[in-house]
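Novice: I am attaching a structure below and will ask some questions about it afterwards.
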Amino acid sequence: GTGAADTAPRVPPSAGAAPPPSAAPSPPPSPSPSGSASPSPSSPGAVPAGFRTYRAPEGFSVALPEGWERQRTSRAAEQSYRVTFGADDDPRTLDVTYSERVGPDPVAVWRDTVEPGLARAGAYQRIGAIEATTYQGREAADMQWITTDDGARVRTFGRGLLLGEGRGFSLRWTTPAADWTDTDSRQTLRTVLRTFRPGAAAQDLP
């Protein structure tokens, strides 16, 4: 799955858990050099204080908390990749994934492509239903889930955005499950969703 309007979108509330199916885990990411970051713009509401706009060499951009860097990059194919952002002293992470092999239904991408791999990885629990939405004028879908990472429960919000021609992005915001309702974390997620841009080339796709 892969991304809402240019105004700050809501963070979906928690709901009941659904039993997971099983499938194969995705490959682990590999190290990659960092991209460039630029100071946040001064226009009111564009990027809050304490954030900077990161412009990736792949073309996308997003506002990140000060001190966050590009930590890892994995590539499944020539034009498919996942970039992980975070900071050494911060347990939260943001994954930006791009693929050129996504299907035409963003809900089905989460359900049929992503969720089976999460389930087989173990200790996976989806929270609520996969919700269709609109993001930046395009078809999108949201999914939330809990997994265990090195013995700690973590919670992820994922938004998938379709670009057309089989292309799409997903944003995955992960925090310790106990910190999910933390005000700063929720504000950071809202800022990420409001400021993410897939890039001019992607926006021009039908």
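Residue numbers start at 1 in each chain; chains themselves are named A, B, ... in the order of the structure tokens; ligands are numbered from 1 in the order shown.
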Counting only C-alpha atoms, which residues of stretch 132-194 of chain A sit at most 12 Å from some atom of stretch 47-61 of chain A, and what is each one's closest atom pair with its distance in Å to one decimal, listed by chain and rising residue number, as CSV?
Specialist:
residue,atom,partner,partner_atom,distance
A:Gly168,CA,A:Phe60,CA,11.9
A:Phe169,CA,A:Phe60,CA,9.8
A:Ser170,CA,A:Phe60,CA,11.7
A:Leu171,CA,A:Phe60,CA,11.6
A:Asp184,CA,A:Gly50,CA,11.1
A:Gln187,CA,A:Pro48,CA,9.6
A:Thr188,CA,A:Phe51,CA,8.9
A:Leu189,CA,A:Phe51,CA,11.9
A:Arg190,CA,A:Pro48,CA,10.7
A:Thr191,CA,A:Val47,CA,7.3
A:Val192,CA,A:Val47,CA,9.5
A:Leu193,CA,A:Ser61,CA,11.1
A:Arg194,CA,A:Val47,CA,9.0
Novice: Please, could you write that set of residues out with C-alpha atoms as a JSON list (two decimals), in the first residue's frame?
Specialist:
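Wrote it out as result_16.json, contents follow:
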[["chain", "number", "residue", "atom", "x", "y", "z"],
["A", 168, "GLY", "CA", 3.10, 3.48, -5.74],
["A", 169, "PHE", "CA", 4.56, 4.70, -2.45],
["A", 170, "SER", "CA", 3.93, 3.61, 1.11],
["A", 171, "LEU", "CA", 4.71, 5.49, 4.31],
["A", 184, "ASP", "CA", 4.65, 14.53, 19.92],
["A", 187, "GLN", "CA", 2.03, 15.47, 15.63],
["A", 188, "THR", "CA", 5.07, 14.08, 13.85],
["A", 189, "LEU", "CA", 2.94, 11.59, 11.94],
["A", 190, "ARG", "CA", 0.54, 14.34, 10.90],
["A", 191, "THR", "CA", 3.47, 16.44, 9.70],
["A", 192, "VAL", "CA", 4.90, 13.54, 7.70],
["A", 193, "LEU", "CA", 1.57, 12.87, 6.00],
["A", 194, "ARG", "CA", 0.98, 16.55, 5.28]]
Novice: Here is a test: counting only C-alpha atoms, which residue of A:Arg111, A:Arg159, A:Arg120, A:Arg82 is nearest to A:Asp142?
Specialist: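 Closest candidate: A:Arg159.
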Novice: Considering only C-alpha atoms, return as a list in words whatever protein or nucleic-acid residues lie within 7 Å of A:Glu100, sequence-local ones (same chain, fewer than 3 positions apart) excluded.
Specialist: Gln79, Ser80, Gly166, Arg167 and Gly168 of chain A
Novice: Using only C-alpha atoms, find the one residue out of A:Gly122, A:Pro91, A:Pro198, A:Pro65 that sits nearest to A:Gly160.
Specialist: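 Using only C-alpha atoms, A:Gly160 sits closest to A:Pro198.
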Novice: Between atom CA of A:Gly103 and atom CA of A:Ala140, what is the distance, to one decimal in Å?
Specialist: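 Between atom CA of A:Gly103 and atom CA of A:Ala140 the gap is 11.6 Å.
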Novice: Could you find all residues in stretch 42-201 of chain A that DSSP calls strand (DSSP E) from the backbone, and write them as a VMD selection string?
Specialist: chain A and resid 51 to 55 61 to 65 69 to 77 80 to 87 90 to 99 125 to 135 138 to 149 152 to 164 167 to 176
Novice: Go through A:Ala129, A:Leu161, A:Thr181, A:Gly199 one by one, measure the shortest atom-to-atom distance of each to A:Thr97 using only C-alpha atoms, and give the residue with the smallest value.
Specialist: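 Counting only C-alpha atoms, the residue closest to A:Thr97 is A:Leu161.
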Novice: Please report the interatomic distance between atom CA of A:Tyr98 and atom CA of A:Arg197 in Å with one decimal.
Specialist: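 Result for atom CA of A:Tyr98 versus atom CA of A:Arg197: 12.3 Å, one decimal.
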Novice: Taking the DSSP assignment computed from this structure's backbone, write out as a compact mmCIF listing (two decimals) with N, CA and C atoms, in the first residue's frame all residues of stretch 73-186 of chain A that belong to helix (DSSP H, G or I).
Specialist:
# COMPACT_ATOMS: atom_id res chain seq x y z
N PRO A 106 -5.55 -0.13 -3.70
CA PRO A 106 -4.63 0.07 -2.59
C PRO A 106 -4.96 -0.76 -1.36
N VAL A 107 -6.25 -1.05 -1.13
CA VAL A 107 -6.62 -1.92 -0.01
C VAL A 107 -6.08 -3.32 -0.24
N ALA A 108 -6.22 -3.82 -1.46
CA ALA A 108 -5.74 -5.16 -1.78
C ALA A 108 -4.22 -5.25 -1.69
N VAL A 109 -3.51 -4.17 -1.97
CA VAL A 109 -2.05 -4.19 -1.86
C VAL A 109 -1.63 -4.49 -0.43
N TRP A 110 -2.26 -3.79 0.53
CA TRP A 110 -1.96 -4.08 1.94
C TRP A 110 -2.38 -5.50 2.31
N ARG A 111 -3.59 -5.87 1.93
CA ARG A 111 -4.16 -7.15 2.36
C ARG A 111 -3.47 -8.35 1.73
N ASP A 112 -3.23 -8.27 0.44
CA ASP A 112 -2.76 -9.46 -0.29
C ASP A 112 -1.24 -9.50 -0.50
N THR A 113 -0.59 -8.35 -0.47
CA THR A 113 0.84 -8.30 -0.73
C THR A 113 1.66 -8.06 0.54
N VAL A 114 1.24 -7.09 1.34
CA VAL A 114 2.02 -6.71 2.52
C VAL A 114 1.70 -7.57 3.73
N GLU A 115 0.41 -7.72 4.03
CA GLU A 115 0.01 -8.39 5.27
C GLU A 115 0.51 -9.84 5.39
N PRO A 116 0.47 -10.64 4.34
CA PRO A 116 0.97 -12.01 4.48
C PRO A 116 2.43 -12.08 4.95
N GLY A 117 3.27 -11.19 4.45
CA GLY A 117 4.66 -11.17 4.89
C GLY A 117 4.80 -10.76 6.34
N LEU A 118 4.01 -9.80 6.78
CA LEU A 118 4.03 -9.40 8.18
C LEU A 118 3.59 -10.55 9.08
N ALA A 119 2.58 -11.27 8.65
CA ALA A 119 2.05 -12.37 9.46
C ALA A 119 3.06 -13.49 9.62
N ARG A 120 3.75 -13.84 8.57
CA ARG A 120 4.72 -14.93 8.67
C ARG A 120 5.92 -14.53 9.52
N ALA A 121 6.24 -13.24 9.54
CA ALA A 121 7.36 -12.78 10.36
C ALA A 121 7.11 -13.03 11.84
N ALA A 177 4.75 0.58 21.00
CA ALA A 177 3.29 0.52 21.14
C ALA A 177 2.81 1.35 22.33
N ALA A 178 3.59 1.36 23.41
CA ALA A 178 3.20 2.10 24.61
C ALA A 178 3.20 3.61 24.39
N ASP A 179 3.90 4.09 23.36
CA ASP A 179 4.00 5.52 23.10
C ASP A 179 3.09 5.99 21.97
N THR A 183 1.64 12.75 22.35
CA THR A 183 1.27 13.92 21.56
C THR A 183 2.32 14.25 20.50
N ASP A 184 3.59 14.20 20.87
CA ASP A 184 4.65 14.53 19.92
C ASP A 184 4.68 13.54 18.76
N SER A 185 4.49 12.25 19.06
CA SER A 185 4.50 11.25 17.99
C SER A 185 3.34 11.45 17.03
N ARG A 186 2.17 11.75 17.55
CA ARG A 186 1.02 11.95 16.67
C ARG A 186 1.18 13.21 15.83
Novice: Each residue of stretch 73-107 of chain A lying at most 12 Å from stretch 146-157 of chain A should get a row with its shortest atom-to-atom pair and the distance in Å to one decimal, counting only C-alpha atoms; could you produce that, ordered by chain and increasing number, as CSV?
Specialist:
residue,atom,partner,partner_atom,distance
A:Pro91,CA,A:Val154,CA,9.5
A:Arg92,CA,A:Val154,CA,9.1
A:Thr93,CA,A:Thr156,CA,9.3
A:Leu94,CA,A:Thr156,CA,9.4
A:Asp95,CA,A:Thr156,CA,10.1
Novice: Which one is closest to A:Thr174: A:Glu69, A:Tyr81, A:Glu139, A:Val96? Count only C-alpha atoms.
Specialist: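 Ranking A:Glu69, A:Tyr81, A:Glu139, A:Val96 by distance to A:Thr174, first place goes to A:Val96.
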Novice: Hey, can you check how far atom CA of A:Arg138 sits from atom CA of A:Glu66?
Specialist: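 Distance reported for this atom pair: 29.1 Å.
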